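Asker: Quick one: this structure, given as C-alpha cells, is what I'll be asking you about.
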Amino acid sequence: MSSETTVRPTPHAAGRDWGRLNGRLLLVNLSILAAPVAMFLASLAVTGGDTNLQVIITLGSLFVTFLVISGIGLMRLFTTRYRLTEDRFELHTGLLFRSERSVPIGRIRGVDITSNPVHRVFGLTTLRIDSGDQSDAAARRLALDGITKAEAVELRRQIIALRDAGRARPVADSDGVLSRLDWSWLRYGPLTVWGVGGVFIAAASTYRTLSELQVNPLDLGVVKDLEDRFGTIPLWYGVLLAAVVIVVLGMIGSTATYIENWAGYELRREDGGILRIRRGLLATRSVSIEERHLRGLELVEPVPLRWAKGAKLNAVASGLGNQEDNRRRRGLTPPTPRDEAMRVAARALPTGPGLIERKGLLPHPKAALRRRINRALMWSVLIAAVPVGLGLWLGRWLVITGVITGVVLVPVLVAFAFSAYHSLGHGLRDRYLAACSGAFARRTVALQRDGIIGWKFSRTPFQRRAGLITLGATTAAGEGVYHVHDLTEGQGIALAETAAPGLLAPFIERAPDRG
C-alpha cells in the first residue's frame, strides 16, 4: 500500500547560479573525428589497399562533415548555460544565433535521462525536459546534452520537488518494483517482422556506401565465392534459400535489437506517483510517466508474438509529447509472456486484472465479418492477378504461379478475416472504455472515460453499404484517438452516450414525437 505526503521544496532546492555543460563533452566531440579515419581504414581493408581519387574525395567530404558537427558540439559546450529558479527552468545557448528559452515549472510533464554509447564512455548523459505539448518538438523540449548522471539525477529531483510543491503526493512501497527483465523473455525477441525489414535496409545502406567508395559489391571475393557455389542451382531453390537466409538474419537482428532496447529493464513505482522505466544496453534510457496523467493501458499482441502467447504493454498517458515521442516513450514492458503483461497491467492500474482482457467484451454485428471476408477475397484476387497478367505476355508458367498463389491465399486470408472479426469487441468496465481490434496486431485498449474529450464518427463507402460505422474516442493522451471499429449506427451512438454522458447530446437531432 502507499500513503500520501505533502511535498515542500527545500530552501536550497533551486538557485539562481548558472550551470554549464561538463568539460568531458570536449572529448566526446573530438572523438567524432575518429569516424572518417575508421572508414578510411575500412575501405583500405575492403579494397586490399587500393584507393583512387573518388574514394579520397568521398572520405574528405565525410571528414569535413564530421568536423562541422564536432565544431557545432564544441560551440554548444562553450556557450550553453542553464539554471533552475523557483518558477522556471531556463536554457541559453548559441554565439552567433543566440537562443534563450524557458519552461515554467508547472508546465513540465516529463524529465527523462538518456545516454548514448559515446556519452557512457565519458560518464555523461542527456537530460530532456518536456512540457508535454503537442506542438513542434524543438518548441516544447529542452535538452542538456553533456552533464554527468549525478547532476542529471539531482536536477530531475529538484524539478519534480518544485513542480509538486505543496501538493500531496503518494509515497511508494518500500519495494516499488513492478517488473524486471527475465532473460527467458529473450525467446520473444525474434518474433517480429521488423528484423526482416532491417536486413533489406542494411543491405541497401551497405551497397550505397560501397558504391560511393567506387567498390562494386558484385566484384567482392565473398560474393564471387557464393556465385561459384550456388550459381548453377535451380531458380526456385535459390529463391527459397535466399528467403530462409533473410529470415534467419532478420531473427538475429531482431534478437540483437531486443537486447539493446531492453537490457537492464526495470519498471518501478516511485514516490510522487511516478512510473519509472529504465532500459537499454548501449544507449540507456530512463522515462518517467506520472500516474495522474495515466489515462489507460494498451495490450499489443502482434503475429507471431500472439501465437507464442506473448504481448507488450503500453501506457496511454498525456504529457509524452507528439505521436512520434509517445510511441518511443509509452512502452511499459518489452515483448513478454502475456500473463506477465496482464500482471503488470493490474498493478499499474489497480482496477482489477480483467481491464484489458478480450474475454467478456461485446461482439460486433455479422456484417463486420462479411466485410472482412470480402476484403480477404479481394486481396487474394488482386495479388494473384499480378503474375497471371504478366504470364499473358511472358509465359504460361507465370499464369500457373498466379493461380496457385490465389488458391493458397484465399484460405489463409479468409482465416485472418475470421481472426480479425473474433478480435473485435467493446464494452464499459468501471470507469474505462475497453475496445479490441486487429488481425495481424491485436490491440486491446482501456481508456479512462473521464479522459474522453470528443467523439469522431467515420465510415467508408463499403461501411456505408454494410450499415456500419467506426467510432473514435478522442483524448489528449496516447495516440489521440482510439477506434471502435464496425458498429451499427445505433450501437455507436448508444456507446458514446453511455461512455461519456452528455458529450454527444449537442450533436444529436431528436426525432419529433408523432404520438
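Every chain in the C-alpha cells has a letter given in the order shown (A, B, ...), and although residue numbers restart at 1 in each chain, ligands are simply numbered from 1 in the order shown.
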Determine, counting only C-alpha atoms, which protein, DNA and RNA residues have an atom within 7 Å of an atom of region 491-493 of chain A; residues of the same chain fewer than 4 positions away are not included. Present the result as a list in words.

Answerer: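 Selected residues are Leu471, Leu487 and Glu497 of chain A.
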
Asker: Please write the residues from the selection above to a file, keeping N, CA, C and O atoms, as a PDB file, in the first residue's frame.

Answerer:
ATOM      1  N   LEU A 471     -16.380   4.273 -34.559  1.00  0.00           N
ATOM      2  CA  LEU A 471     -16.464   5.277 -33.511  1.00  0.00           C
ATOM      3  C   LEU A 471     -15.064   5.540 -32.970  1.00  0.00           C
ATOM      4  O   LEU A 471     -14.359   4.603 -32.571  1.00  0.00           O
ATOM      5  N   LEU A 487     -19.284  -0.824 -35.906  1.00  0.00           N
ATOM      6  CA  LEU A 487     -20.508  -0.899 -35.110  1.00  0.00           C
ATOM      7  C   LEU A 487     -21.689  -0.505 -35.991  1.00  0.00           C
ATOM      8  O   LEU A 487     -21.514   0.177 -37.002  1.00  0.00           O
ATOM      9  N   GLU A 497     -22.944   7.743 -25.897  1.00  0.00           N
ATOM     10  CA  GLU A 497     -23.771   8.393 -24.882  1.00  0.00           C
ATOM     11  C   GLU A 497     -23.555   7.780 -23.507  1.00  0.00           C
ATOM     12  O   GLU A 497     -23.560   8.470 -22.491  1.00  0.00           O
TER      13      GLU A 497
END

Asker: Running DSSP on the backbone, which parts of region 201-433 of chain A land in strand (DSSP E or B), as an NGL selection string?

Answerer: :A and (266-270 or 274-279 or 284-290 or 294-302 or 310-317 or 331 or 336-337 or 362 or 425-429 or 432-433)

Asker: Do you know which residues are at most 9 Å from Ile400 (chain A) counting only C-alpha atoms, after dropping those on the same chain fewer than 6 positions away, and could you put them as JSON, numbers by chain?

Answerer: {"A": [387, 388, 391]}

Asker: If you measure from CA of Thr498 (chain A) to CA of Asn326 (chain A), what distance in Å do you get, rounded to one decimal?

Answerer: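 About the pair CA of Thr498 (chain A) and CA of Asn326 (chain A): they are 28.5 Å apart.
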
Asker: Would you kindly return, as a VMD selection string, each protein, DNA or RNA residue with an atom no farther than 12 Å from any atom of His364 (chain A), considering only C-alpha atoms and excluding same-chain residues fewer than 3 positions away?

Answerer: chain A and resid 361 367 to 371 420 to 427 435 to 437 468 to 470 484 to 489 491 to 492

Asker: So how far away is CA of Pro117 (chain A) from CA of Val316 (chain A), in Å?

Answerer: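 Going from CA of Val316 (chain A) over to CA of Pro117 (chain A) covers 29.5 Å.
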
Asker: Excluding region 86-95 of chain A and any residue of its chain fewer than 3 positions from it, enumerate the residues within 10 Å of it, using only C-alpha atoms, and give them as a PyMOL selection string.

Answerer: chain A and resi 9+12-16+18-20+72+75-83+98-108+129+142-144+158-159+162-163

Asker: As a list in words, please: the residues near region 269-286 of chain A (cut-off 7 Å, only C-alpha atoms, same-chain neighbours under 2 positions excluded).

Answerer: Asp112, Ile113, Thr114, Ser115, Asn116, Pro117, Arg169, Pro170, Val171, Ala172, Gly176, Val177, Leu178, Ile259, Glu260, Asn261, Trp262, Ala263, Gly264, Tyr265, Glu266, Leu267, Ser288, Ile289, Glu290, Glu291 and Leu332 of chain A

Asker: Restricted to N, CA and C atoms, what would the selected residues look like written as a compact mmCIF listing (two decimals), in the first residue's frame?

Answerer:
# COMPACT_ATOMS: atom_id res chain seq x y z
N ASP A 112 13.31 13.12 -18.58
CA ASP A 112 13.92 11.85 -18.95
C ASP A 112 15.43 11.96 -19.00
N ILE A 113 16.09 10.84 -18.78
CA ILE A 113 17.55 10.77 -18.83
C ILE A 113 17.95 9.70 -19.83
N THR A 114 18.78 10.05 -20.80
CA THR A 114 19.27 9.09 -21.79
C THR A 114 20.78 9.24 -21.94
N SER A 115 21.43 8.13 -22.30
CA SER A 115 22.88 8.14 -22.52
C SER A 115 23.19 7.28 -23.72
N ASN A 116 23.80 7.88 -24.76
CA ASN A 116 24.23 7.08 -25.90
C ASN A 116 25.58 6.43 -25.59
N PRO A 117 26.03 5.48 -26.41
CA PRO A 117 27.27 4.76 -26.08
C PRO A 117 28.48 5.67 -25.90
N ARG A 169 1.49 14.03 -2.50
CA ARG A 169 1.99 13.04 -3.45
C ARG A 169 2.01 11.67 -2.79
N PRO A 170 1.68 10.61 -3.53
CA PRO A 170 1.74 9.26 -2.97
C PRO A 170 3.17 8.87 -2.65
N VAL A 171 3.33 8.11 -1.57
CA VAL A 171 4.63 7.56 -1.20
C VAL A 171 4.61 6.09 -1.55
N ALA A 172 5.56 5.63 -2.36
CA ALA A 172 5.58 4.26 -2.84
C ALA A 172 5.93 3.30 -1.71
N GLY A 176 9.10 -0.78 -4.66
CA GLY A 176 8.14 -0.33 -5.66
C GLY A 176 8.33 -0.94 -7.02
N VAL A 177 9.12 -2.03 -7.15
CA VAL A 177 9.39 -2.64 -8.44
C VAL A 177 8.14 -3.39 -8.92
N LEU A 178 7.66 -3.03 -10.12
CA LEU A 178 6.52 -3.71 -10.72
C LEU A 178 6.96 -4.85 -11.63
N ILE A 259 17.82 -7.06 -27.22
CA ILE A 259 18.82 -6.95 -26.17
C ILE A 259 19.22 -5.49 -25.97
N GLU A 260 19.47 -4.80 -27.08
CA GLU A 260 19.89 -3.40 -26.98
C GLU A 260 18.81 -2.53 -26.33
N ASN A 261 17.55 -2.75 -26.71
CA ASN A 261 16.47 -1.90 -26.22
C ASN A 261 16.07 -2.20 -24.78
N TRP A 262 16.14 -3.48 -24.36
CA TRP A 262 15.52 -3.86 -23.10
C TRP A 262 16.46 -4.44 -22.07
N ALA A 263 17.74 -4.54 -22.34
CA ALA A 263 18.68 -4.99 -21.30
C ALA A 263 18.63 -4.02 -20.12
N GLY A 264 18.63 -4.58 -18.91
CA GLY A 264 18.55 -3.75 -17.72
C GLY A 264 17.17 -3.19 -17.45
N TYR A 265 16.15 -3.73 -18.10
CA TYR A 265 14.79 -3.20 -17.95
C TYR A 265 14.30 -3.33 -16.51
N GLU A 266 13.67 -2.25 -16.05
CA GLU A 266 13.01 -2.25 -14.74
C GLU A 266 11.88 -1.22 -14.76
N LEU A 267 10.72 -1.65 -14.31
CA LEU A 267 9.57 -0.75 -14.15
C LEU A 267 9.32 -0.61 -12.66
N SER A 288 9.95 8.76 -17.42
CA SER A 288 9.04 8.96 -16.29
C SER A 288 7.63 9.20 -16.81
N ILE A 289 6.66 8.51 -16.21
CA ILE A 289 5.24 8.70 -16.52
C ILE A 289 4.51 8.95 -15.21
N GLU A 290 3.90 10.10 -15.09
CA GLU A 290 3.14 10.41 -13.88
C GLU A 290 1.81 9.67 -13.89
N GLU A 291 1.50 9.03 -12.78
CA GLU A 291 0.26 8.25 -12.70
C GLU A 291 -0.98 9.12 -12.82
N LEU A 332 5.63 0.11 -21.41
CA LEU A 332 5.78 -0.27 -20.02
C LEU A 332 6.50 -1.59 -19.85
